[in-house]
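Engineer: Pasting a structure below so you can have a look.
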Amino acid sequence: MNARTVVAFALVVVVALAAGTPALAQSFPAKPVRLVVPFPAGGGSDVIGRILAEKLGERLGQPVFVDNRAGAGGSIGVESVVRAAPDGYTVVLASTSEIAINPSLYSKLSYDTVKDLAPVAMVASTPVVVIVHGSLPLNTIGDLVSMAKAKPGEINVASAGNGTITHLSGELFRSMANLTWTHVPYKGAPPALTDLASGRVQVMFSSLPAAMAFIKGGRVKPIAVSSRVRAAALPEAPTVAESGFSEYDVEYWYGIFAPAATPREVLARLGHEIGAALKLPDMVASLANQGAAASQLTAAQFSEFTRTEVAKWGGVVRSSGARAD
């Protein structure tokens, strides 16, 4: 093969590849989409993921099935998507924990959440809710502070795992209030909530979607929410800020991410359909019933938001001294 032939062949390949990308986007999706949820069934991410999967499947005209891949604070599930084929058929519903916290929590994380993942769409956000076992004489944040100071180290505070938002939101409050208590990490929110409901632990800073069924069933008692404004799903629960800690402000968010090399046209199609699904009244109502608010961020805004969140929570992790290696 002479030089002229080689150049001509290369041009044909380039043209074919360039033409193939729009064709791929136009035919997408031609098969079911796998939505990885990097936490166990029953947790907040799983609840949000299943609500989204149903509506997104209807929008795409293909089934969207949830694949729970738990472990290592969500990093196992996220890594499976980073390593997946970048074709749009494997995406992850990741949250504050996996995207913004884990990069500082795990010194040996095998991927970069900013460089190796493409933000597709923010789905929802929710406050963290401070919940206690019903038998405790705690009705306010002030009551919790008083008990923790009267019994330093004796209160057991559950979390969905070391370094998760449920751990660090508690650590942030503990440091602000200058308290001493015992952190009890679990492998996901469901077992932590189950033990809280049974009285094996006394307190938890939980994502609201994960805790709603326990709250509605009267198995745990909410005493405050972490956001700046009260949660529509729990209007009777005051914010931590209005309870005397004005600087405390934590919101937990969920978003869809794909492998970084996924074609832009495919990302745009996914983002468009997710955005349309989030405007459906029944989708908004389903999320609200779980204490979550449907996102209104554009794709560009979500991309910038994730970068600022990585910086913010990196600082919290470093100040807390939390490690998960």
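If you're wondering about the labels, chains in the structure tokens are A, B, ... by order shown, residues count from 1 in each chain, ligands from 1 in order shown.
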Set the distance at 9 Å and use only C-alpha atoms: which residues neighbour Thr113 (chain A) once local chain neighbours fewer than 4 positions away are removed? I'd like the list as a list in words.

Structural biologist: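 My reading of the contact set: Val78, Val82, Glu98, Ile99, Ala100, Asn102, Pro103, Leu117, Ala118 and Val310 of chain A.
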
Engineer: Keeping C-alpha atoms, export the residues of the selection given above as a compact mmCIF listing (two decimals), in the first residue's frame.

Structural biologist:
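The result, written out as part07.txt:
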# COMPACT_ATOMS: atom_id res chain seq x y z
CA VAL A 78 -19.51 4.13 39.97
CA VAL A 82 -16.53 4.40 34.37
CA GLU A 98 -19.89 9.19 45.37
CA ILE A 99 -19.08 12.25 43.27
CA ALA A 100 -18.06 14.95 45.77
CA ASN A 102 -15.24 9.90 47.75
CA PRO A 103 -12.40 11.62 45.81
CA LEU A 117 -17.59 10.81 34.13
CA ALA A 118 -19.85 13.05 32.04
CA VAL A 310 -16.11 18.31 44.86

Engineer: What lies within 7 Å of region 286-301 of chain A using only C-alpha atoms, ignoring chain neighbours under 2 positions off, as a PDB file with N, CA and C atoms, in the first residue's frame?

Structural biologist:
ATOM      1  N   VAL A 120     -24.801  14.118  33.119  1.00  0.00           N
ATOM      2  CA  VAL A 120     -25.909  14.100  32.163  1.00  0.00           C
ATOM      3  C   VAL A 120     -27.036  15.013  32.623  1.00  0.00           C
ATOM      4  N   ALA A 121     -27.487  14.825  33.856  1.00  0.00           N
ATOM      5  CA  ALA A 121     -28.580  15.631  34.387  1.00  0.00           C
ATOM      6  C   ALA A 121     -28.677  15.465  35.889  1.00  0.00           C
ATOM      7  N   MET A 122     -28.920  16.560  36.577  1.00  0.00           N
ATOM      8  CA  MET A 122     -29.237  16.466  37.990  1.00  0.00           C
ATOM      9  C   MET A 122     -30.698  16.046  38.094  1.00  0.00           C
ATOM     10  N   VAL A 123     -30.986  15.107  38.998  1.00  0.00           N
ATOM     11  CA  VAL A 123     -32.338  14.566  39.106  1.00  0.00           C
ATOM     12  C   VAL A 123     -33.117  15.221  40.239  1.00  0.00           C
ATOM     13  N   ALA A 124     -32.537  15.227  41.426  1.00  0.00           N
ATOM     14  CA  ALA A 124     -33.273  15.731  42.582  1.00  0.00           C
ATOM     15  C   ALA A 124     -32.320  16.085  43.706  1.00  0.00           C
ATOM     16  N   SER A 125     -32.840  16.839  44.652  1.00  0.00           N
ATOM     17  CA  SER A 125     -32.087  17.136  45.861  1.00  0.00           C
ATOM     18  C   SER A 125     -33.009  16.993  47.053  1.00  0.00           C
ATOM     19  N   THR A 126     -32.424  16.742  48.202  1.00  0.00           N
ATOM     20  CA  THR A 126     -33.199  16.537  49.408  1.00  0.00           C
ATOM     21  C   THR A 126     -32.364  16.939  50.611  1.00  0.00           C
ATOM     22  N   LEU A 208     -33.510  12.027  53.325  1.00  0.00           N
ATOM     23  CA  LEU A 208     -34.953  12.016  53.576  1.00  0.00           C
ATOM     24  C   LEU A 208     -35.676  10.888  52.831  1.00  0.00           C
ATOM     25  N   PRO A 209     -35.362  10.617  51.549  1.00  0.00           N
ATOM     26  CA  PRO A 209     -36.055   9.517  50.866  1.00  0.00           C
ATOM     27  C   PRO A 209     -35.875   8.169  51.569  1.00  0.00           C
ATOM     28  N   MET A 212     -38.167   8.241  54.891  1.00  0.00           N
ATOM     29  CA  MET A 212     -39.577   8.605  54.875  1.00  0.00           C
ATOM     30  C   MET A 212     -40.505   7.485  55.329  1.00  0.00           C
ATOM     31  N   ALA A 231     -38.474  21.299  54.838  1.00  0.00           N
ATOM     32  CA  ALA A 231     -38.833  20.370  53.769  1.00  0.00           C
ATOM     33  C   ALA A 231     -40.347  20.317  53.611  1.00  0.00           C
ATOM     34  N   ALA A 232     -40.814  20.383  52.366  1.00  0.00           N
ATOM     35  CA  ALA A 232     -42.259  20.341  52.119  1.00  0.00           C
ATOM     36  C   ALA A 232     -42.871  19.049  52.640  1.00  0.00           C
ATOM     37  N   ALA A 233     -42.097  17.963  52.603  1.00  0.00           N
ATOM     38  CA  ALA A 233     -42.610  16.676  53.069  1.00  0.00           C
ATOM     39  C   ALA A 233     -42.665  16.582  54.588  1.00  0.00           C
ATOM     40  N   LEU A 278     -38.690  14.999  34.437  1.00  0.00           N
ATOM     41  CA  LEU A 278     -38.723  15.741  35.701  1.00  0.00           C
ATOM     42  C   LEU A 278     -39.781  16.840  35.719  1.00  0.00           C
ATOM     43  N   ASP A 282     -46.731  13.792  37.817  1.00  0.00           N
ATOM     44  CA  ASP A 282     -46.676  12.602  38.674  1.00  0.00           C
ATOM     45  C   ASP A 282     -45.249  12.278  39.100  1.00  0.00           C
ATOM     46  N   MET A 283     -44.268  12.625  38.258  1.00  0.00           N
ATOM     47  CA  MET A 283     -42.862  12.444  38.628  1.00  0.00           C
ATOM     48  C   MET A 283     -42.499  13.409  39.753  1.00  0.00           C
ATOM     49  N   VAL A 284     -42.911  14.653  39.621  1.00  0.00           N
ATOM     50  CA  VAL A 284     -42.656  15.655  40.655  1.00  0.00           C
ATOM     51  C   VAL A 284     -43.315  15.220  41.966  1.00  0.00           C
ATOM     52  N   SER A 303     -23.009  20.506  35.422  1.00  0.00           N
ATOM     53  CA  SER A 303     -21.588  20.222  35.266  1.00  0.00           C
ATOM     54  C   SER A 303     -20.751  21.134  36.167  1.00  0.00           C
ATOM     55  N   GLU A 304     -21.065  22.421  36.184  1.00  0.00           N
ATOM     56  CA  GLU A 304     -20.345  23.362  37.021  1.00  0.00           C
ATOM     57  C   GLU A 304     -20.628  23.091  38.500  1.00  0.00           C
ATOM     58  N   PHE A 305     -21.861  22.733  38.811  1.00  0.00           N
ATOM     59  CA  PHE A 305     -22.250  22.444  40.190  1.00  0.00           C
ATOM     60  C   PHE A 305     -21.436  21.293  40.760  1.00  0.00           C
TER      61      PHE A 305
END

Engineer: Nearest residue to Glu58 (chain A) out of A:Val92, A:Ala211, A:Val33, A:Ala197, using only C-alpha atoms?

Structural biologist: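 For Glu58 (chain A), the nearest of the candidates is A:Val33.
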
Engineer: Using only C-alpha atoms, can you tell me which of A:Gly170, A:Gly73, A:Pro152, A:Gly275 comes closest to Val129 (chain A)?

Structural biologist: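 The answer is A:Gly170, which sits nearest to Val129 (chain A).
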
Engineer: CA of Val240 (chain A) and CA of Lys312 (chain A) are how many Å apart?

Structural biologist: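 Separating CA of Val240 (chain A) from CA of Lys312 (chain A) is a distance of 19.3 Å.
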
Engineer: Can you list, as a PyMOL selection string, all residues belonging to region 210-303 of chain A that DSSP tags as strand (DSSP E or B)?

Structural biologist: chain A and resi 220-225+239+251-259+293-294
